[in-house]
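See structure below.
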Amino acid sequence: MTKHIFVTGGVVSSLGKGLTAASIGMLLEHRGLRVRLQKFDPYINVDPGTMDPYQHGEVYVLDDGTETDLDLGHYERFTNAPLTRDCNFTTGRIYESVIRKERKGAYKGQTVQVIPHVTDEIKAAVRKLAADDVDVVITEIGGTVGDIEGLPFLEAIRQFALDVGKHNCLYIHLTLIPYLKAAGEAKTKPTQHSVERLRQIGIQPDILICRTERELSKEATDKIALFCNVEPRAVIEERDKTFSIYEVPISLVENHLDELIVEKLGLRAQPLDMNGWRTLVQRIINPVHETTIAVVGKYIKHQDAYKSIYEALDHAGIALATRVVVRRVEAEEVEREGAERVLGGVDGILVPGGFNYRGVGGKIEAIRYAREKHVPFFGICLGLQCAVIEFARNVIGLEDADSTEMNPRCGHPVVCLLDAQFAITELGGTMRLGSWPCQLVEGSRVRAVYGSGLVKERHRHRYEFNNQYRQQFAAHGMAFTGTTPDGKLVEMIELPEHPWFVAVQCHPEFRSKPTQVHPLFRGFVEASLKRREARKKAEAARSRAAVSTT
């Protein structure tokens with residue numbers, strides 16, 4: 001029978017349950033086990049597709065087009081487990097399914113209630129991933145224990161152990177041990193209260209993973225074990241990481257978490273070999289080179305709004321033994337201060353996706369600066385559309401060129417809606433979503449870095465390049481180097497005479513892993529590193545010339 005691990009969180013949010021679940025999945029895969037992961041989100045939105053990035057962070061898109069929570073990005077980066085729409089459920093989606101069944105008469109006139117109907121729907125969602133070829137399903141429960149909206153999910157996973165047998169389930173609770181400088185000690189009381197709430201619901205954690213700034217003393221560990229009714233060895237210290245999130249699995253191994261899970265679930269597992277991952281972490285800690293990339297976006301103030309992009313840049317750094325220093329730049333700051341002042345000294349400029357008109361002017365100015373100053377540029381989704389607008393205005397001379405998203409009445413709509421989408425009025429799920437094939441042009445830069453003529457990338461957008469202008473753009477030097485296989489939709493553009501000027505309509509960041517960097521990110525960071533090295537050589541030459549003159 002498939003075994004189940006349920007990961008809950010207590011005390012405060014943002015402790016890293018998704019990262020912990022992903023790390024556990026990775027460790028079990030390294031022990032030869034077949035793993036699936038899923039997340040339950042307590043919010044009532046059907047999916048995060050229409051949520052404000054300032055509240056939710058990035059929307060992560062799967063191959064099948066499902067818009068999901070960003071923690072699924074951790075799952076894909078850390079493991080090889082396939083992800084589908086069955087890997088992310090919200091309260092809204094659960095209730096939507098229950099209400100649909102009620103309307104169809106599936107409950108035969110019963111009074112529909114949270115227990116058993118909603119909890120049964122949640123348990124059915126867990127069972128969707130259990131199969132003969134799956135050894136362990138890891139289910140993360142979003143939110144914090146004590147949140148009212150999370151109660152149906154906790155009740156469902158309590159019941160689940162009764163359905164399949166407690167020996168087939170493991171409850172892992174992630175909690176916080178705050179350190180009070182004034183008192184000079186770590187405080188265990190918040191964890192005790194969090195576990196008490198879980199036990200009131202009927203869930204006794206088997207393992208506690210304790211986030212902490214400082215090493216836990218044996219006295220603190222024994223106290224937590226005693227008051228939370230767990231074995232002392234099941235109190236796992238998880239100290240904050242200095243260099244990278246990719247240190248987390250190694251820390252968990254050093255605390256014997258994988259051994260504990262295998263033992264408690266009675267799993268037949270191979271010996272653990274983490275040598276390759278340790279080498280990867282050492283490349284992060286001890287880079288040979290350094291380069292600075294400016295990410296010019298609209299949601300820079302939110303730590304996780306461009307999470308996958310930041311991670312993909314780090315992956316390129318790992319592959320190139322380079323520390324990638326990301327300079328987060330608000331697009332509106334470029335509008336106010338000017339590109340030269342804000343972006344001077346960076347080695348590369350990346351313009352990510354986004355929606356609506358705010359900050360677009362700053363993105364366009366940043367792209368113009370990159371094009372004219374020969375700074376490596378990488379545009380993603382809206383970044384491609386802004387690159388098209390900038391080129392139309394400042395190279396072709398179409399001064400009123402724009403996207404109909406920003407200016408529906410512009411004279412030259414170089415970016416516009418597809419005809420089939422004009423009738424769409426609802427926001428959720430109306431975009432071009434999921435994995436789409438892309439044909440690459442022979443001899444192009446993108447074809448060279450991919451090493452293939454046909455690739456698949458994930459999308460999340462509605463607006464497209466207007467094909468009526470394709471010939472005009474080509475005549476002025478822009479190359480359309482990636483299209484849909486039928487040639488109808490522009491997917492990638494580049495400027496052949498530029499050191500690296502590539503923009504894509506897709507989201508390649510969703511396919512990058514620390515062990516397998518995406519080729520476009522590698523190519524971009526490599527070009528940025530070359531620019532930095534060239535500038536250093538030029539500065540050294542000027543210094544020698546000045547000394548010689550003196």
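Letters A, B, ... mark the chains of the structure tokens in the order given; residue numbers begin at 1 per chain; ligand numbers begin at 1, in order shown.
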Could you find all residues in region 154-400 of chain A that DSSP calls strand (DSSP E or B) from the backbone, and write them as a PyMOL selection string?
-> chain A and resi 169-177+179-180+185-186+207-212+235-239+289-297+322-330+348-351+377-380
Please identify all polymer residues within 8 Å of Leu27 (chain A), counting only C-alpha atoms, omitting same-chain residues fewer than 2 positions from it, and present them as a PyMOL selection string.
-> chain A and resi 23-25+29-31+249+253+258+272
Export all heavy atoms of the chosen residues as a compact mmCIF listing (two decimals), in the first residue's frame?
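So out.txt came out as:
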# COMPACT_ATOMS: atom_id res chain seq x y z
N SER A 23 12.14 18.76 0.08
CA SER A 23 13.39 18.15 0.54
C SER A 23 13.18 16.70 0.97
O SER A 23 14.00 15.82 0.68
CB SER A 23 13.99 18.96 1.69
OG SER A 23 14.32 20.28 1.28
N ILE A 24 12.08 16.46 1.67
CA ILE A 24 11.76 15.08 2.07
C ILE A 24 11.57 14.20 0.84
O ILE A 24 12.06 13.07 0.77
CB ILE A 24 10.50 15.06 2.97
CG1 ILE A 24 10.81 15.73 4.31
CG2 ILE A 24 10.01 13.63 3.18
CD1 ILE A 24 9.57 15.99 5.16
N GLY A 25 10.85 14.74 -0.15
CA GLY A 25 10.65 14.00 -1.39
C GLY A 25 11.97 13.67 -2.07
O GLY A 25 12.16 12.55 -2.57
N GLU A 29 13.52 9.95 -2.79
CA GLU A 29 13.91 9.55 -4.15
C GLU A 29 15.35 9.07 -4.17
O GLU A 29 15.68 8.09 -4.86
CB GLU A 29 13.73 10.72 -5.12
CG GLU A 29 12.30 10.94 -5.57
CD GLU A 29 12.20 11.92 -6.72
OE1 GLU A 29 13.18 12.65 -6.99
OE2 GLU A 29 11.14 11.97 -7.35
N HIS A 30 16.22 9.75 -3.43
CA HIS A 30 17.62 9.32 -3.37
C HIS A 30 17.77 7.97 -2.68
O HIS A 30 18.83 7.35 -2.78
CB HIS A 30 18.46 10.38 -2.64
CG HIS A 30 18.95 11.48 -3.55
ND1 HIS A 30 18.10 12.35 -4.18
CD2 HIS A 30 20.21 11.85 -3.92
CE1 HIS A 30 18.80 13.21 -4.90
NE2 HIS A 30 20.08 12.92 -4.77
N ARG A 31 16.72 7.53 -2.00
CA ARG A 31 16.76 6.21 -1.38
C ARG A 31 15.99 5.19 -2.23
O ARG A 31 15.63 4.11 -1.75
CB ARG A 31 16.19 6.27 0.04
CG ARG A 31 17.04 7.17 0.95
CD ARG A 31 16.79 6.91 2.41
NE ARG A 31 17.27 5.57 2.79
CZ ARG A 31 17.66 5.24 4.02
NH1 ARG A 31 17.70 6.16 4.98
NH2 ARG A 31 18.04 4.02 4.29
N PRO A 249 18.18 19.95 2.36
CA PRO A 249 18.20 18.48 2.40
C PRO A 249 19.39 17.91 3.16
O PRO A 249 19.25 16.91 3.88
CB PRO A 249 18.24 18.09 0.92
CG PRO A 249 17.65 19.25 0.19
CD PRO A 249 18.10 20.45 0.97
N VAL A 253 19.38 15.44 6.44
CA VAL A 253 20.10 14.17 6.47
C VAL A 253 20.99 14.10 7.71
O VAL A 253 21.07 13.07 8.40
CB VAL A 253 20.95 13.99 5.19
CG1 VAL A 253 21.92 12.83 5.35
CG2 VAL A 253 20.06 13.75 4.00
N ASP A 258 15.66 11.20 7.14
CA ASP A 258 15.31 10.16 6.17
C ASP A 258 15.26 8.78 6.84
O ASP A 258 14.38 7.95 6.56
CB ASP A 258 16.29 10.16 5.00
CG ASP A 258 17.71 9.88 5.43
OD1 ASP A 258 18.23 10.64 6.28
OD2 ASP A 258 18.32 8.92 4.92
N LEU A 272 21.36 5.82 1.36
CA LEU A 272 21.33 7.18 0.84
C LEU A 272 22.70 7.60 0.33
O LEU A 272 23.71 7.41 1.00
CB LEU A 272 20.88 8.14 1.95
CG LEU A 272 20.69 9.60 1.55
CD1 LEU A 272 19.48 9.74 0.62
CD2 LEU A 272 20.49 10.46 2.79
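Closest to Gly379 (chain A) among A:Leu260, A:Met492, A:Ile236, A:Ala448 is A:Met492, based on only C-alpha atoms.
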Test item: residues at most 10 Å from region 196-207 of chain A, only C-alpha atoms, excluding those fewer than 6 positions along its chain, as a ChimeraX atom specification = /A:6-10,145-146,151,154-155,157-159,161,169-174,190,225,227-236,257,260-261,264
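With CA of Arg462 (chain A) on one side and CA of Tyr369 (chain A) on the other, the separation reads 26.9 Å.
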Alpha helix (DSSP H) per DSSP on the backbone: members of region 472-507 of chain A, as number ranges by chain = A: 472-475
Excluding His117 (chain A) and residues on its chain fewer than 4 positions from it, collect all residues at most 9 Å away from it, counting only C-alpha atoms, and give them as a PyMOL selection string.
-> chain A and resi 98+107+112-113+121-122
Take the residues just selected and output them with N, CA and C atoms as a CSV table (one decimal), in the first residue's frame.
chain,number,residue,atom,x,y,z
A,98,VAL,N,-17.9,19.8,-4.5
A,98,VAL,CA,-19.0,19.3,-3.6
A,98,VAL,C,-20.3,19.9,-4.1
A,107,TYR,N,-25.7,13.4,-3.8
A,107,TYR,CA,-25.8,13.1,-2.4
A,107,TYR,C,-27.2,12.6,-2.0
A,112,VAL,N,-25.9,18.5,3.0
A,112,VAL,CA,-24.5,18.5,2.7
A,112,VAL,C,-23.7,19.3,3.8
A,113,GLN,N,-22.7,18.6,4.4
A,113,GLN,CA,-22.0,19.2,5.5
A,113,GLN,C,-20.5,19.1,5.3
A,121,GLU,N,-14.3,14.7,0.3
A,121,GLU,CA,-13.8,15.2,-1.0
A,121,GLU,C,-12.3,15.4,-0.9
A,122,ILE,N,-11.9,15.9,0.3
A,122,ILE,CA,-10.4,16.1,0.5
A,122,ILE,C,-9.7,14.8,0.6
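Proximity of A:Leu70, A:Ile115, A:Ile309, A:Val195 to Arg511 (chain A), computed with only C-alpha atoms, is greatest for A:Ile309.
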Surrounding residues of Arg214 (chain A) excluding itself and chain neighbours under 3 positions, 9 Å, only C-alpha atoms, as a list in words | Tyr179, Ala186, Arg239 and Asp240 of chain A
So, counting only C-alpha atoms, which residue among A:Leu495, A:Leu440, A:Cys381, A:Ile224 is closest to Gln192 (chain A)?
->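 The closest residue to Gln192 (chain A) is A:Ile224.
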Might you pull out every residue within 7 Å of Val325 (chain A), with only C-alpha atoms counted and same-chain residues fewer than 4 positions away left off, and present them as a VMD selection string?
-> chain A and resid 291 to 293
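The smallest atom-to-atom distance between Gly362 (chain A) and any of A:Ile5, A:Ala387, A:Ile141, A:Leu72, using only C-alpha atoms, is found for A:Ala387.
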When distances are computed from only C-alpha atoms, which of A:Tyr54, A:Trp436, A:Phe480, A:Tyr450 shows the smallest separation from His302 (chain A)?
-> A:Tyr54
What is the distance, in Å and to one decimal place, between CA of Phe377 (chain A) and CA of Ala540 (chain A)?
->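 Separation between CA of Phe377 (chain A) and CA of Ala540 (chain A): 25.1 Å.
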For Asp304 (chain A): contacts at 10 Å, only C-alpha atoms, fewer than 5 positions along chain excluded, given as a PyMOL selection string | chain A and resi 53-59+70+299+309-310
CA of Arg93 (chain A) to CA of Ala156 (chain A): how many Å, to one decimal?
-> 15.4 Å
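Each of A:Val334, A:Thr188, A:Ala131, A:Thr242 was compared to Asp222 (chain A) using only C-alpha atoms, and A:Thr188 turns out to be the nearest.
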